[in-house]
Protein chains: 2
Amino acid sequence: MGAATTRAHIVEAADRLFYRQGYEHTSFAAIAEAVHISRGNFYYHFKSKDDILSAVIAARLESRRRMLERWEAEETDPADRIRRFVEIVVTNRADIQRYGCPVGTLTTELAKLGHPALDDAGGLFTLFRAWLREQFTQLGHPAQADALAMHVLAFSQGVATLAHAFRDEDFIHREVQRMHEWLSAYSAGALSAAPGDGAQADA
Amino acid sequence: MGAATTRAHIVEAADRLFYRQGYEHTSFAAIAEAVHISRGNFYYHFKSKDDILSAVIAARLESRRRMLERWEAEETDPADRIRRFVEIVVTNRADIQRYGCPVGTLTTELAKLGHPALDDAGGLFTLFRAWLREQFTQLGHPAQADALAMHVLAFSQGVATLAHAFRDEDFIHREVQRMHEWLSAYSAGALSAAPGDGAQADA
DNA sequence: GGCATATTAGGACAGGCGTCCTAAACGATG
DNA sequence: CATCGTTTAGGACGCCTGTCCTAATATGCC
């Protein structure tokens with residue numbers, strides 16, 4: 001088995017453990033046990049625990065980037081793309097109820113630790129934010145695109161956090177439906193831009 | 001200085017440190033240093049670290065309970081009470097941008113640690129949820145009260161998480177205004193109850 | 001003032017952590 | 001088969017953690 005394969009296995013196991021148990025709470029021994037290699041052997045592939053974290057973040061970034069690119073290929077309507085993003089909390093509802101949002105929880109933890117990799121992890125949020133902004137721009141709301149993108153992100157984070165805390169699956173479906181209804185006002189495309197974003201969607 | 005005073009100081013310092021650095025990341029030495037007592041002396045007041053965590057959670061519960069009781073005394077209109085709840089993210093915007101939501105981040109961390117005190121910490125969410133539910137019931141939406149309460153909670157968590165990640169204060173104000181506009185549809189009181197909560201507020 | 005109690009300080013202890021080192025096993029190549 | 005670089009195992013190291021113990025100090029009551 002090549003070193004690249006082992007390295008990928010380590011990143012994969014670390015990714016899962018960091019997500020489920022948190023970064024700090026996951027020990028080297030735990031990762032080693034998951035990959036079935038010895039602890040000492042670790043430092044042949046990674047020179048420190050922070051190094052593994054960087055690799056995990058890079059892998060997540062790459063994974064999400066590919067996912068968004070796939071969506072761009074599969075959905076031609078930007079409104080459908082946004083809907084698909086909103087549906088994430090439904091698609092991943094099992095994991096979200098058990099472990100929360102992989103992006104939000106990691107970012108929060110690294111912030112509390114004062115970890116230098118926080119900026120890298122923040123790139124995940126930035127990736128989604130920029131992608132959503134682009135979709136809203138294509139929908140014909142360039143001026144409010146960023147605010148709308150942030151609103152959708154906040155929706156996802158809020159739903160994930162509470163679905164995690166209460167293990168409430170019905171709540172997820174309710175909020176997703178509410179969000180779809182809210183979005184329909186924008187994807188209709190016949191709305192005039194009004195000052196104070198969101199006002200025209202609620203009125 | 002009495003033992004009760006010292007105990008209160010310990011809880012106060014631990015509360016702040018748990019909030020800013022996280023529970024696991026906060027060591028006994030750090031708390032001791034903050035309170036200016038020796039590490040060993042700790043176990044005269046608390047028999048374990050988990051014991052301090054329980055005391056901190058109990059203190060937060062009591063603090064929030066008193067806050068909500070105060071609001072009930074100061075605001076007679078349940079709509080105003082809900083507005084005040086929504087304004088929390090503005091009132092505490094400085095801390096939220098720096099450390100996130102005290103309730104959400106603690107709950108998430110304890111869940112990842114598999115800590116037994118998670119249920120106690122979840123009581124904070126339950127406290128707010130029940131209080132909001134009561135306010136929406138008084139507003140005349142008893143059937144949807146719980147779903148509406150959860151929606152407001154999700155709003156707070158989503159805003160707090162993203163305001164924390166991006167350190168974006170304008171975003172907080174935008175989302176709060178959007179929420180106020182959404183709420184105005186309910187506090188108007190002239191709406192007929194429709195199946196699928198939220199639909200009548202968006203249409 | 002003397003005494004019992006309440007409170008404190010400081011170090012000892014075992015265990016787990018991330019890190020590092022060294023030697024052995026492996027696999028491909030001549 | 002021999003030899004090389006690659007990959008591995010396993011343990012040692014120092015550090016920090018939560019916990020506990022004991023002796024010293026402060027406090028309040030007769």
# chains A, B, ... in the order shown; residues from 1 in each chain; ligands from 1
$ closest_atom_pairs --of "chain A" --to "chain C" --cutoff "12 Å" --atoms "only C-alpha atoms (C1' of nucleotides)" --output "tab-separated table"
residue	atom	partner	partner_atom	distance
A:Met1	CA	C:DG27	C1'	10.1
A:Gly2	CA	C:DG27	C1'	10.5
A:Glu24	CA	C:DC17	C1'	10.7
A:His25	CA	C:DC17	C1'	10.7
A:Thr26	CA	C:DC17	C1'	10.6
A:Ser27	CA	C:DC17	C1'	7.7
A:Phe28	CA	C:DG18	C1'	7.8
A:Ala29	CA	C:DC17	C1'	9.5
A:Ala30	CA	C:DC17	C1'	11.8
A:Arg39	CA	C:DG18	C1'	10.3
A:Gly40	CA	C:DC20	C1'	8.5
A:Asn41	CA	C:DC20	C1'	10.8
A:Phe42	CA	C:DT19	C1'	10.3
A:Tyr43	CA	C:DT19	C1'	8.6
A:Tyr44	CA	C:DC20	C1'	11.0
A:Phe46	CA	C:DT19	C1'	11.5
A:Lys47	CA	C:DT19	C1'	9.1
A:Ser48	CA	C:DG18	C1'	7.9
A:Lys49	CA	C:DG18	C1'	7.6
A:Asp50	CA	C:DG18	C1'	10.4
$ write_last_selection --atoms "C-alpha atoms" --output "PDB file, in the first residue's frame"
ATOM      1  CA  MET A   1       0.000   0.000   0.000  1.00  0.00           C
ATOM      2  CA  GLY A   2       1.505   3.294  -1.098  1.00  0.00           C
ATOM      3  CA  GLU A  24      -9.077  18.833  20.341  1.00  0.00           C
ATOM      4  CA  HIS A  25     -10.926  15.865  21.752  1.00  0.00           C
ATOM      5  CA  THR A  26      -9.607  13.564  19.029  1.00  0.00           C
ATOM      6  CA  SER A  27      -6.263  12.097  20.028  1.00  0.00           C
ATOM      7  CA  PHE A  28      -3.542  10.714  17.835  1.00  0.00           C
ATOM      8  CA  ALA A  29      -4.163   7.300  19.293  1.00  0.00           C
ATOM      9  CA  ALA A  30      -7.797   7.449  18.197  1.00  0.00           C
ATOM     10  CA  ARG A  39       1.071   6.013  16.585  1.00  0.00           C
ATOM     11  CA  GLY A  40       4.720   6.511  15.889  1.00  0.00           C
ATOM     12  CA  ASN A  41       4.274   5.894  12.211  1.00  0.00           C
ATOM     13  CA  PHE A  42       2.137   8.954  12.020  1.00  0.00           C
ATOM     14  CA  TYR A  43       4.980  11.361  11.771  1.00  0.00           C
ATOM     15  CA  TYR A  44       6.180   9.795   8.597  1.00  0.00           C
ATOM     16  CA  PHE A  46       2.339  14.247   8.871  1.00  0.00           C
ATOM     17  CA  LYS A  47       4.724  16.282  10.907  1.00  0.00           C
ATOM     18  CA  SER A  48       2.196  17.432  13.487  1.00  0.00           C
ATOM     19  CA  LYS A  49      -1.443  17.297  14.476  1.00  0.00           C
ATOM     20  CA  ASP A  50      -1.968  20.744  13.029  1.00  0.00           C
TER      21      ASP A  50
END
$ residues_around --residues "stretch 96-110 of chain B" --least-positions-apart "4" --cutoff "7 Å" --atoms "only C-alpha atoms (C1' of nucleotides)" --output "list in words"
Ala165 of chain A; Tyr19, Arg20, Asn92, Gly114, His115, Leu118, Ala121, Gly122, Leu124, Gln157, Ala160, Thr161, Ala163, His164 and Arg167 of chain B
$ closest_residue --among "B:His45, B:Arg7, B:His173, B:Arg178" --to "chain A" --atoms "only C-alpha atoms"
B:Arg178
$ interface_residues --of "chain D" --to "chain A" --cutoff "9 Å" --atoms "only C-alpha atoms (C1' of nucleotides)" --output "PyMOL selection string"
chain D and resi 6-11
$ write_last_selection --atoms "N, CA, C and O atoms (P, O5', C5', C4', C3', O3' and C1' of nucleotides)" --output "PDB file, in the first residue's frame"
ATOM      1  P    DT D   6      12.935   7.161  -0.906  1.00  0.00           P
ATOM      2  O5'  DT D   6      11.776   6.183  -0.413  1.00  0.00           O
ATOM      3  C5'  DT D   6      11.158   5.297  -1.333  1.00  0.00           C
ATOM      4  C4'  DT D   6      10.187   4.376  -0.617  1.00  0.00           C
ATOM      5  C3'  DT D   6       9.186   5.086   0.291  1.00  0.00           C
ATOM      6  O3'  DT D   6       7.892   4.576   0.009  1.00  0.00           O
ATOM      7  C1'  DT D   6      10.284   3.365   1.485  1.00  0.00           C
ATOM      8  P    DT D   7       6.591   5.355   0.581  1.00  0.00           P
ATOM      9  O5'  DT D   7       6.252   4.559   1.922  1.00  0.00           O
ATOM     10  C5'  DT D   7       5.827   3.203   1.822  1.00  0.00           C
ATOM     11  C4'  DT D   7       5.931   2.525   3.165  1.00  0.00           C
ATOM     12  C3'  DT D   7       5.077   3.140   4.294  1.00  0.00           C
ATOM     13  O3'  DT D   7       3.988   2.268   4.551  1.00  0.00           O
ATOM     14  C1'  DT D   7       7.217   2.393   5.050  1.00  0.00           C
ATOM     15  P    DT D   8       2.953   2.670   5.745  1.00  0.00           P
ATOM     16  O5'  DT D   8       3.602   1.941   7.003  1.00  0.00           O
ATOM     17  C5'  DT D   8       3.650   0.510   7.038  1.00  0.00           C
ATOM     18  C4'  DT D   8       4.481   0.042   8.213  1.00  0.00           C
ATOM     19  C3'  DT D   8       3.939   0.375   9.593  1.00  0.00           C
ATOM     20  O3'  DT D   8       3.170  -0.702  10.074  1.00  0.00           O
ATOM     21  C1'  DT D   8       6.340   0.603   9.446  1.00  0.00           C
ATOM     22  P    DA D   9       2.251  -0.490  11.375  1.00  0.00           P
ATOM     23  O5'  DA D   9       3.270  -0.904  12.531  1.00  0.00           O
ATOM     24  C5'  DA D   9       4.003  -2.105  12.435  1.00  0.00           C
ATOM     25  C4'  DA D   9       4.951  -2.244  13.611  1.00  0.00           C
ATOM     26  C3'  DA D   9       4.316  -1.983  14.964  1.00  0.00           C
ATOM     27  O3'  DA D   9       4.620  -3.043  15.848  1.00  0.00           O
ATOM     28  C1'  DA D   9       6.229  -0.575  14.659  1.00  0.00           C
ATOM     29  P    DG D  10       3.801  -3.254  17.197  1.00  0.00           P
ATOM     30  O5'  DG D  10       4.775  -2.592  18.276  1.00  0.00           O
ATOM     31  C5'  DG D  10       6.150  -2.894  18.243  1.00  0.00           C
ATOM     32  C4'  DG D  10       6.890  -1.899  19.102  1.00  0.00           C
ATOM     33  C3'  DG D  10       6.115  -1.452  20.349  1.00  0.00           C
ATOM     34  O3'  DG D  10       6.866  -1.782  21.495  1.00  0.00           O
ATOM     35  C1'  DG D  10       7.076   0.397  19.239  1.00  0.00           C
ATOM     36  P    DG D  11       6.244  -1.660  22.982  1.00  0.00           P
ATOM     37  O5'  DG D  11       7.364  -0.769  23.684  1.00  0.00           O
ATOM     38  C5'  DG D  11       8.711  -0.881  23.255  1.00  0.00           C
ATOM     39  C4'  DG D  11       9.397   0.466  23.318  1.00  0.00           C
ATOM     40  C3'  DG D  11       9.167   1.229  24.641  1.00  0.00           C
ATOM     41  O3'  DG D  11      10.413   1.642  25.162  1.00  0.00           O
ATOM     42  C1'  DG D  11       8.765   2.643  22.802  1.00  0.00           C
TER      43       DG D  11
END
$ select_by_dssp --residues "stretch 39-171 of chain A" --states "helix (DSSP H, G or I)" --output "VMD selection string"
chain A and resid 42 to 45 49 to 74 78 to 86 88 to 91 93 to 99 102 to 113 118 to 138 145 to 166 169 to 171
$ closest_atom_pairs --of "chain B" --to "chain A" --cutoff "6 Å" --atoms "only C-alpha atoms" --output "CSV"
residue,atom,partner,partner_atom,distance
B:Gln21,CA,A:Lys112,CA,4.5
B:Gly22,CA,A:Lys112,CA,5.8
B:Lys112,CA,A:Gln21,CA,4.5
B:Leu113,CA,A:Gln21,CA,6.0
B:Ala154,CA,A:Gly158,CA,4.1
B:Phe155,CA,A:Gly158,CA,5.8
B:Gln157,CA,A:Gly158,CA,4.7
B:Gly158,CA,A:Gly158,CA,3.7
B:Val159,CA,A:Ala154,CA,5.6
B:Asp202,CA,A:Asp202,CA,4.7
$ atom_distance --atom1 "atom CA of B:Glu12" --atom2 "atom C1' of D:DT19"
22.0 Å
